[in-house]
file start_20.txt (compact mmCIF, C-alpha atoms)
# COMPACT_ATOMS: atom_id res chain seq x y z
CA MET A 125 82.50 152.02 1.65
CA ASN A 126 84.62 150.24 4.26
CA ASP A 127 87.71 148.45 3.01
CA ILE A 128 88.03 145.00 4.59
CA ALA A 129 89.99 141.78 4.40
CA LEU A 130 87.98 138.67 3.60
CA VAL A 131 89.67 135.52 4.91
CA VAL A 132 88.31 132.17 3.72
CA GLY A 133 89.08 128.72 5.06
CA GLU A 134 89.14 126.32 7.95
CA ALA A 135 88.85 126.95 11.66
CA LEU A 136 89.71 124.11 14.00
CA VAL A 137 90.92 123.35 17.50
CA ASP A 138 94.56 122.38 17.99
CA VAL A 139 94.81 119.74 20.70
CA VAL A 140 98.47 120.23 21.60
CA ARG A 141 100.37 117.35 23.19
CA ASP A 142 103.67 118.33 24.77
CA LEU A 143 106.72 116.22 25.52
CA GLY A 144 105.51 115.58 29.05
CA GLY A 145 102.25 114.04 27.87
CA GLY A 146 100.07 117.03 28.75
CA GLU A 147 97.30 118.31 26.46
CA ARG A 148 95.81 121.74 25.95
CA ASP A 149 93.23 123.07 23.49
CA HIS A 150 94.03 126.09 21.33
CA PRO A 151 91.66 127.65 18.79
CA GLY A 152 93.39 127.51 15.42
CA GLY A 153 93.32 126.46 11.81
CA SER A 154 95.47 128.14 9.20
CA ALA A 155 92.80 130.53 7.93
CA ALA A 156 91.53 131.33 11.42
CA ASN A 157 95.09 132.07 12.55
CA ALA A 158 95.58 134.40 9.58
CA ALA A 159 92.28 136.17 10.28
CA VAL A 160 93.24 136.76 13.91
CA ALA A 161 96.74 137.89 12.95
CA LEU A 162 95.37 140.47 10.50
CA ALA A 163 92.82 141.68 13.04
CA ARG A 164 95.48 142.07 15.74
CA LEU A 165 97.43 144.20 13.27
CA GLY A 166 94.46 146.53 13.15
CA ARG A 167 92.75 145.40 9.95
CA PRO A 168 88.97 144.97 9.68
CA VAL A 169 88.56 141.23 9.02
CA TRP A 170 85.56 139.20 7.91
CA PHE A 171 85.94 135.45 8.03
CA ALA A 172 84.18 132.75 5.99
CA THR A 173 84.56 129.41 7.75
CA ALA A 174 82.68 126.41 9.11
CA TYR A 175 82.41 124.85 12.55
CA ALA A 176 79.75 123.06 14.57
CA ASP A 177 77.58 124.23 17.44
CA ASP A 178 79.56 122.21 19.97
CA ALA A 179 82.13 122.89 22.71
CA HIS A 180 85.02 123.23 20.28
CA GLY A 181 82.92 125.44 18.01
CA ARG A 182 82.07 127.72 20.92
CA LEU A 183 85.76 127.95 21.78
CA LEU A 184 86.43 129.11 18.21
CA ALA A 185 83.52 131.55 18.21
CA ASP A 186 84.68 133.14 21.47
CA HIS A 187 88.27 133.36 20.19
CA LEU A 188 87.26 135.05 16.94
CA ALA A 189 84.94 137.49 18.69
CA ALA A 190 87.59 138.36 21.29
CA ASN A 191 89.93 139.30 18.44
CA ASP A 192 87.37 141.42 16.55
CA VAL A 193 87.06 138.97 13.65
CA GLN A 194 83.60 139.27 12.09
CA LEU A 195 81.83 136.27 10.57
CA ALA A 196 80.90 136.50 6.90
CA VAL A 197 78.81 133.32 7.09
CA ASP A 198 76.62 131.22 9.33
CA PRO A 199 79.36 128.68 10.19
CA HIS A 200 77.11 125.91 11.54
CA VAL A 201 77.10 123.72 8.41
CA ILE A 202 79.10 120.75 9.72
CA ALA A 203 78.25 118.17 12.38
CA ARG A 204 81.51 118.26 14.35
CA THR A 205 84.10 121.00 14.74
CA ALA A 206 87.41 120.03 13.16
CA THR A 207 90.39 119.18 15.34
CA ALA A 208 94.10 118.80 14.81
CA VAL A 209 96.10 116.82 17.36
CA ALA A 210 99.49 118.55 17.33
CA THR A 211 102.37 116.62 18.90
CA LEU A 212 105.39 118.74 19.73
CA GLY A 213 108.94 117.55 19.11
CA GLU A 214 112.01 118.54 21.07
CA ASP A 215 112.64 121.46 18.71
CA GLY A 216 109.11 122.82 19.17
CA ALA A 217 107.98 121.75 15.70
CA ALA A 218 104.54 120.16 15.51
CA THR A 219 103.27 117.10 13.65
CA TYR A 220 99.53 116.83 13.09
CA GLU A 221 96.70 114.31 12.98
CA PHE A 222 93.46 115.78 11.63
CA ASP A 223 89.75 115.13 12.03
CA ILE A 224 88.17 117.58 9.62
CA ASP A 225 85.18 118.20 7.39
CA TRP A 226 85.28 121.33 5.24
CA ARG A 227 82.61 123.14 3.25
CA LEU A 228 82.05 126.83 2.51
CA PRO A 229 78.78 128.36 3.70
CA ALA A 230 77.14 131.14 1.70
CA VAL A 231 79.13 134.35 2.09
CA ARG A 232 77.16 137.45 2.99
CA LEU A 233 78.91 140.77 3.60
CA PRO A 234 77.31 144.07 4.58
CA ASP A 235 76.49 146.34 1.66
CA ASP A 236 79.12 148.84 2.80
CA ALA A 237 81.96 146.26 3.09
CA ARG A 238 84.40 146.15 0.18
CA PRO A 239 86.98 143.31 0.18
CA VAL A 240 90.31 144.85 -0.86
CA VAL A 241 92.23 141.78 0.35
CA VAL A 242 91.12 138.17 -0.06
CA ALA A 243 93.23 135.56 1.76
CA TRP A 244 92.79 131.80 1.67
CA GLY A 245 94.73 128.55 1.57
CA SER A 246 95.76 125.34 3.28
CA ILE A 247 92.96 122.82 3.96
CA GLY A 248 90.25 125.20 2.76
CA ALA A 249 91.90 125.33 -0.66
CA ALA A 250 92.54 121.61 -0.95
CA LEU A 251 89.68 119.65 0.59
CA GLU A 252 86.38 119.18 -1.21
CA PRO A 253 83.52 119.94 -1.24
CA GLY A 254 84.66 123.37 -0.03
CA ALA A 255 87.77 123.94 -2.15
CA SER A 256 86.02 124.47 -5.49
CA ALA A 257 83.60 126.96 -3.92
CA VAL A 258 86.56 128.84 -2.43
CA ARG A 259 88.27 129.11 -5.81
CA ASP A 260 85.09 130.39 -7.47
CA LEU A 261 84.66 133.02 -4.75
CA VAL A 262 88.25 134.23 -5.09
CA ALA A 263 88.04 134.34 -8.89
CA ALA A 264 84.92 136.51 -8.66
CA LEU A 265 86.65 138.99 -6.34
CA ARG A 266 90.12 139.07 -7.88
CA SER A 267 89.66 142.21 -9.98
CA GLN A 268 88.88 144.29 -6.89
CA ALA A 269 91.32 142.89 -4.33
CA LEU A 270 94.81 141.68 -3.54
CA THR A 271 94.44 137.89 -3.57
CA TYR A 272 96.75 135.92 -1.29
CA PHE A 273 97.08 132.11 -1.36
CA ASP A 274 98.92 130.21 1.38
CA VAL A 275 99.77 126.74 0.05
CA ASN A 276 100.39 125.28 3.54
CA ALA A 277 100.13 121.69 2.29
CA ARG A 278 98.63 119.06 4.61
CA PRO A 279 99.51 115.67 3.07
CA ALA A 280 98.06 113.89 6.12
CA ILE A 281 94.61 115.06 4.96
CA THR A 282 94.85 115.49 1.21
CA GLY A 283 97.62 113.05 0.34
CA THR A 284 100.04 114.01 -2.40
CA GLY A 285 100.37 113.39 -6.10
CA ALA A 286 99.41 114.99 -9.38
CA ASP A 287 95.78 115.75 -8.50
CA VAL A 288 96.71 117.53 -5.27
CA ALA A 289 99.42 119.53 -7.02
CA ARG A 290 97.02 120.41 -9.83
CA ARG A 291 94.48 121.78 -7.37
CA ALA A 292 97.16 123.94 -5.77
CA GLU A 293 98.12 125.24 -9.21
CA GLU A 294 94.47 126.14 -9.89
CA MET A 295 94.55 128.25 -6.75
CA VAL A 296 97.83 129.88 -7.75
CA ALA A 297 96.21 130.89 -11.03
CA VAL A 298 93.84 133.26 -9.18
CA ALA A 299 96.44 134.52 -6.67
CA ASP A 300 98.50 137.70 -6.78
CA LEU A 301 100.71 136.65 -3.85
CA VAL A 302 101.56 133.04 -2.99
CA LYS A 303 103.28 131.78 0.15
CA ALA A 304 104.73 128.28 0.47
CA SER A 305 107.32 126.70 2.72
CA ASP A 306 110.22 124.79 1.22
CA GLU A 307 108.56 121.69 2.71
CA ASP A 308 105.28 122.51 0.91
CA LEU A 309 107.09 122.71 -2.41
CA ALA A 310 108.91 119.43 -1.82
CA ALA A 311 105.68 117.67 -0.82
CA LEU A 312 103.62 118.80 -3.81
CA TRP A 313 106.31 118.80 -6.50
CA PRO A 314 108.87 116.27 -5.18
CA ASP A 315 110.76 115.69 -8.40
CA GLU A 316 111.46 119.32 -9.30
CA PRO A 317 114.05 121.81 -8.06
CA GLU A 318 112.68 124.69 -6.05
CA ASP A 319 113.65 127.36 -8.59
CA ALA A 320 111.72 125.56 -11.33
CA ILE A 321 108.64 125.21 -9.15
CA VAL A 322 108.62 128.88 -8.21
CA ALA A 323 109.12 129.89 -11.84
CA ARG A 324 106.07 127.85 -12.80
CA LEU A 325 103.97 129.46 -10.06
CA LEU A 326 104.90 132.85 -11.49
CA ASP A 327 104.02 131.62 -14.98
CA LEU A 328 100.62 130.49 -13.69
CA GLY A 329 99.83 134.07 -12.73
CA ALA A 330 101.26 134.84 -9.31
CA GLY A 331 102.90 138.25 -9.07
CA ALA A 332 105.25 137.14 -6.30
CA VAL A 333 106.01 134.02 -4.27
CA ILE A 334 107.25 133.99 -0.68
CA VAL A 335 109.14 130.82 0.19
CA THR A 336 109.59 130.29 3.93
CA ARG A 337 112.48 128.24 5.32
CA GLY A 338 111.87 128.01 9.06
CA ALA A 339 114.85 129.19 11.07
CA ALA A 340 116.65 130.12 7.83
CA GLY A 341 114.17 132.92 7.06
CA ALA A 342 112.29 133.48 3.81
CA SER A 343 112.72 134.50 0.18
CA TRP A 344 110.63 136.78 -2.03
CA VAL A 345 110.69 135.84 -5.73
CA SER A 346 109.08 137.87 -8.50
CA ARG A 347 109.83 138.93 -12.07
CA GLN A 348 112.14 141.52 -10.53
CA GLY A 349 114.38 138.81 -9.03
CA ARG A 350 114.86 137.37 -5.56
CA ALA A 351 115.33 138.83 -2.08
CA ASP A 352 116.44 136.66 0.87
CA VAL A 353 115.76 137.67 4.47
CA GLY A 354 117.10 135.87 7.54
CA MET A 355 115.27 134.98 10.75
CA PRO A 356 116.31 136.94 13.85
CA PRO A 357 117.50 134.99 16.91
CA VAL A 358 114.49 133.74 18.86
CA THR A 359 113.79 131.17 21.56
CA VAL A 360 111.18 128.84 20.05
CA SER A 361 108.25 127.70 22.17
CA ASP A 362 106.55 126.03 19.19
CA THR A 363 106.00 126.76 15.52
CA ILE A 364 102.19 126.58 15.49
CA GLY A 365 100.78 129.49 13.49
CA ALA A 366 104.15 130.88 12.45
CA GLY A 367 103.53 130.66 8.72
CA ASP A 368 99.98 131.96 9.09
CA THR A 369 101.32 134.98 10.97
CA LEU A 370 104.08 135.60 8.44
CA GLY A 371 101.63 135.62 5.55
CA ALA A 372 99.14 137.85 7.34
CA ALA A 373 101.84 140.33 8.27
CA ALA A 374 103.12 140.41 4.68
CA VAL A 375 99.60 141.19 3.48
CA ASP A 376 99.24 143.86 6.16
CA GLU A 377 102.46 145.55 5.08
CA LEU A 378 101.54 145.37 1.39
CA TRP A 379 98.17 146.93 2.24
CA ARG A 380 99.97 149.72 4.10
CA ARG A 381 102.01 150.35 0.96
CA GLY A 382 98.87 150.60 -1.18
CA VAL A 383 99.07 147.10 -2.65
CA ALA A 384 95.39 146.27 -2.09
CA GLY A 385 92.09 146.79 -3.85
CA ALA A 386 91.60 147.17 -7.59
CA GLY A 387 94.94 147.26 -9.42
CA ALA A 388 96.78 145.46 -6.61
CA ALA A 389 98.32 142.94 -9.01
CA GLU A 390 99.98 145.70 -11.02
CA ARG A 391 101.26 147.48 -7.92
CA LEU A 392 102.61 144.20 -6.53
CA ALA A 393 104.50 143.54 -9.76
CA GLY A 394 106.03 147.01 -9.54
CA LEU A 395 107.65 146.55 -6.12
CA THR A 396 111.42 146.76 -6.12
CA LEU A 397 113.42 144.00 -4.47
CA GLU A 398 114.39 146.42 -1.72
CA GLU A 399 110.71 147.12 -1.00
CA ALA A 400 109.94 143.41 -1.14
CA ALA A 401 112.72 142.64 1.33
CA ASP A 402 111.24 145.19 3.74
CA VAL A 403 107.85 143.48 3.45
CA VAL A 404 109.37 140.08 4.21
CA ARG A 405 111.48 141.47 7.05
CA TYR A 406 108.39 142.88 8.74
CA ALA A 407 106.51 139.61 8.19
CA ILE A 408 109.35 137.59 9.72
CA SER A 409 109.43 139.85 12.76
CA ALA A 410 105.76 139.01 13.34
CA ALA A 411 106.36 135.27 12.92
CA ALA A 412 109.25 135.48 15.40
CA VAL A 413 106.84 136.69 18.07
CA THR A 414 104.43 133.84 17.35
CA VAL A 415 107.07 131.11 17.66
CA SER A 416 108.27 132.58 20.95
CA ARG A 417 105.02 131.68 22.74
CA PRO A 418 102.77 128.61 22.88
CA GLY A 419 100.12 127.93 20.26
CA ALA A 420 98.96 130.22 17.47
CA ASP A 421 99.28 133.52 19.35
CA PRO A 422 100.18 136.19 16.79
CA PRO A 423 101.39 139.64 17.82
CA HIS A 424 99.43 142.85 18.11
CA ARG A 425 100.61 145.90 16.21
CA HIS A 426 102.32 147.44 19.23
CA GLU A 427 104.55 144.36 19.64
CA LEU A 428 106.21 144.84 16.26
CA PRO A 429 108.85 147.26 15.02
CA VAL A 430 107.70 150.27 13.07
CA PRO A 431 107.67 149.23 9.38
CA ALA A 432 110.16 150.69 6.98
CA ALA A 433 109.02 153.74 5.05
CA GLY A 434 106.84 152.82 2.09
CA ALA A 435 104.27 154.16 -0.28
call {"tool": "encode", "arguments": {"input": "start_20.txt", "output": "structure tokens"}}
result
Amino acid sequence: MNDIALVVGEALVDVVRDLGGGERDHPGGSAANAAVALARLGRPVWFATAYADDAHGRLLADHLAANDVQLAVDPHVIARTATAVATLGEDGAATYEFDIDWRLPAVRLPDDARPVVVAWGSIGAALEPGASAVRDLVAALRSQALTYFDVNARPAITGTGADVARRAEEMVAVADLVKASDEDLAALWPDEPEDAIVARLLDLGAGAVIVTRGAAGASWVSRQGRADVGMPPVTVSDTIGAGDTLGAAAVDELWRRGVAGAGAAERLAGLTLEEAADVVRYAISAAAVTVSRPGADPPHRHELPVPAAGA
């Protein structure tokens, strides 16, 4: 059997508007960015997504193929490929306007492909009719894989409120590892302190939660405690794809340490805080490369430092 990562979720085209009024198209989408990031780190990746047979869809197909991302579906189940108009601010941060339809095609993997990592999140975990199908797929695979959920809230598409937060919590309940930015937590649970939110995510079933804080770095929180890791100095081009890269690199490093496949949840729970900090440090180093160049352009393995010794 061949151990693979199955990534599930949206693929879209980022139409990036810069401060000078120029526009450029970048293939993207949170799940697509994560799939490419994992593939560039040398992992065999199969991707379940949806896009149309149009110019933007062909841009996505060419991008995925060029990065050795295999399709686990026939993606042509929507009429128009999704787009996100990303307007860059002076600090390189992007604000988005979306035109998106999301549904999950039937997933078909080769008989010799065994998902030992399942990664999903963002729009694909929040927008129906696809979100419920995604959750059912993850739940069916959880016993044999490390399951990773990236909250990556998009209030401009889903809105906010109790129903949106409840759907995110349903996804957390089938996740071993959860990633959320401090902004995600504030958007979905605005009346609660961060520590209380993270504690509830752990109570729902997550083995660990990574909270990202932009230029301030990220924190790993588990039953073992908390580890904080800073962001190295970096000249920011834009922040598109930074969180997707960070999550993918964290999964890659956990996989390297044997936290994948059947029993991954138990091995994740057994990580020491020192080991967890090394995982986050490696993940941040990958995100730092992505923010240093335009669009969602995650690093290849050779662009990153050698990971710390692990299992």
call {"tool": "residues_around", "arguments": {"input": "start_20.txt", "residues": "region 372-389 of chain A", "least_positions_apart": "4", "cutoff": "8 Å", "atoms": "only C-alpha atoms", "output": "MDAnalysis selection string"}}
result
chainID A and resid 158:159 161:162 165 167 239:241 267:270 272 300 331 368 393 403:404 406:407 410 431 434:435
call {"tool": "closest_residue", "arguments": {"input": "start_20.txt", "among": "A:Pro429, A:Gly419, A:Pro317, A:Gly283", "to": "Asp402 (chain A)", "atoms": "all atoms listed in the file"}}
result
A:Pro429
call {"tool": "closest_residue", "arguments": {"input": "start_20.txt", "among": "A:Val335, A:Ala299, A:Gly329, A:Arg417", "to": "Ala243 (chain A)", "atoms": "all atoms listed in the file"}}
result
A:Ala299
call {"tool": "residues_around", "arguments": {"input": "start_20.txt", "residues": "Ala351 (chain A)", "least_positions_apart": "4", "cutoff": "8 Å", "atoms": "only C-alpha atoms", "output": "MDAnalysis selection string"}}
result
chainID A and resid 343:345 397:398 400:401
call {"tool": "atom_distance", "arguments": {"input": "start_20.txt", "atom1": "CA of Leu301 (chain A)", "atom2": "CA of Ala320 (chain A)"}}
result
17.3 Å
call {"tool": "atom_distance", "arguments": {"input": "start_20.txt", "atom1": "CA of Val197 (chain A)", "atom2": "CA of Val262 (chain A)"}}
result
15.4 Å
call {"tool": "atom_distance", "arguments": {"input": "start_20.txt", "atom1": "CA of Asp178 (chain A)", "atom2": "CA of Val258 (chain A)"}}
result
24.4 Å
call {"tool": "residues_around", "arguments": {"input": "start_20.txt", "residues": "His187 (chain A)", "least_positions_apart": "5", "cutoff": "12 Å", "atoms": "only C-alpha atoms", "output": "JSON, numbers by chain"}}
result
{"A": [135, 136, 137, 149, 150, 151, 152, 153, 156, 157, 159, 160, 163, 180, 181, 182, 192, 193, 194, 195, 420, 421]}
call {"tool": "write_last_selection", "arguments": {"input": "start_20.txt", "atoms": "C-alpha atoms", "output": "compact mmCIF listing (two decimals), in the coordinates of the input"}}
result
# COMPACT_ATOMS: atom_id res chain seq x y z
CA ALA A 135 88.85 126.95 11.66
CA LEU A 136 89.71 124.11 14.00
CA VAL A 137 90.92 123.35 17.50
CA ASP A 149 93.23 123.07 23.49
CA HIS A 150 94.03 126.09 21.33
CA PRO A 151 91.66 127.65 18.79
CA GLY A 152 93.39 127.51 15.42
CA GLY A 153 93.32 126.46 11.81
CA ALA A 156 91.53 131.33 11.42
CA ASN A 157 95.09 132.07 12.55
CA ALA A 159 92.28 136.17 10.28
CA VAL A 160 93.24 136.76 13.91
CA ALA A 163 92.82 141.68 13.04
CA HIS A 180 85.02 123.23 20.28
CA GLY A 181 82.92 125.44 18.01
CA ARG A 182 82.07 127.72 20.92
CA ASP A 192 87.37 141.42 16.55
CA VAL A 193 87.06 138.97 13.65
CA GLN A 194 83.60 139.27 12.09
CA LEU A 195 81.83 136.27 10.57
CA ALA A 420 98.96 130.22 17.47
CA ASP A 421 99.28 133.52 19.35
call {"tool": "closest_residue", "arguments": {"input": "start_20.txt", "among": "A:Asp225, A:Asp186, A:Glu294, A:Asp308", "to": "Glu252 (chain A)", "atoms": "all atoms listed in the file"}}
result
A:Asp225
call {"tool": "residues_around", "arguments": {"input": "start_20.txt", "residues": "Leu228 (chain A)", "least_positions_apart": "2", "cutoff": "9 Å", "atoms": "all atoms listed in the file", "output": "count of residues only"}}
result
18
call {"tool": "closest_residue", "arguments": {"input": "start_20.txt", "among": "A:Ala332, A:Ala411, A:Ala203, A:Ala297", "to": "Leu370 (chain A)", "atoms": "all atoms listed in the file"}}
result
A:Ala411
call {"tool": "residues_near_point", "arguments": {"input": "start_20.txt", "point": "(99.7, 128.9, -16.6)", "cutoff": "12 Å", "atoms": "only C-alpha atoms", "output": "ChimeraX atom specification"}}
result
/A:290,293-299,323-330
call {"tool": "residues_near_point", "arguments": {"input": "start_20.txt", "point": "(117.7, 133.0, 10.9)", "cutoff": "7 Å", "atoms": "only C-alpha atoms", "output": "list in words"}}
result
Ala339, Ala340, Gly341, Gly354, Met355, Pro356 and Pro357 of chain A
call {"tool": "closest_residue", "arguments": {"input": "start_20.txt", "among": "A:Ala292, A:Pro422, A:Arg259, A:Leu428", "to": "Arg164 (chain A)", "atoms": "all atoms listed in the file"}}
result
A:Pro422
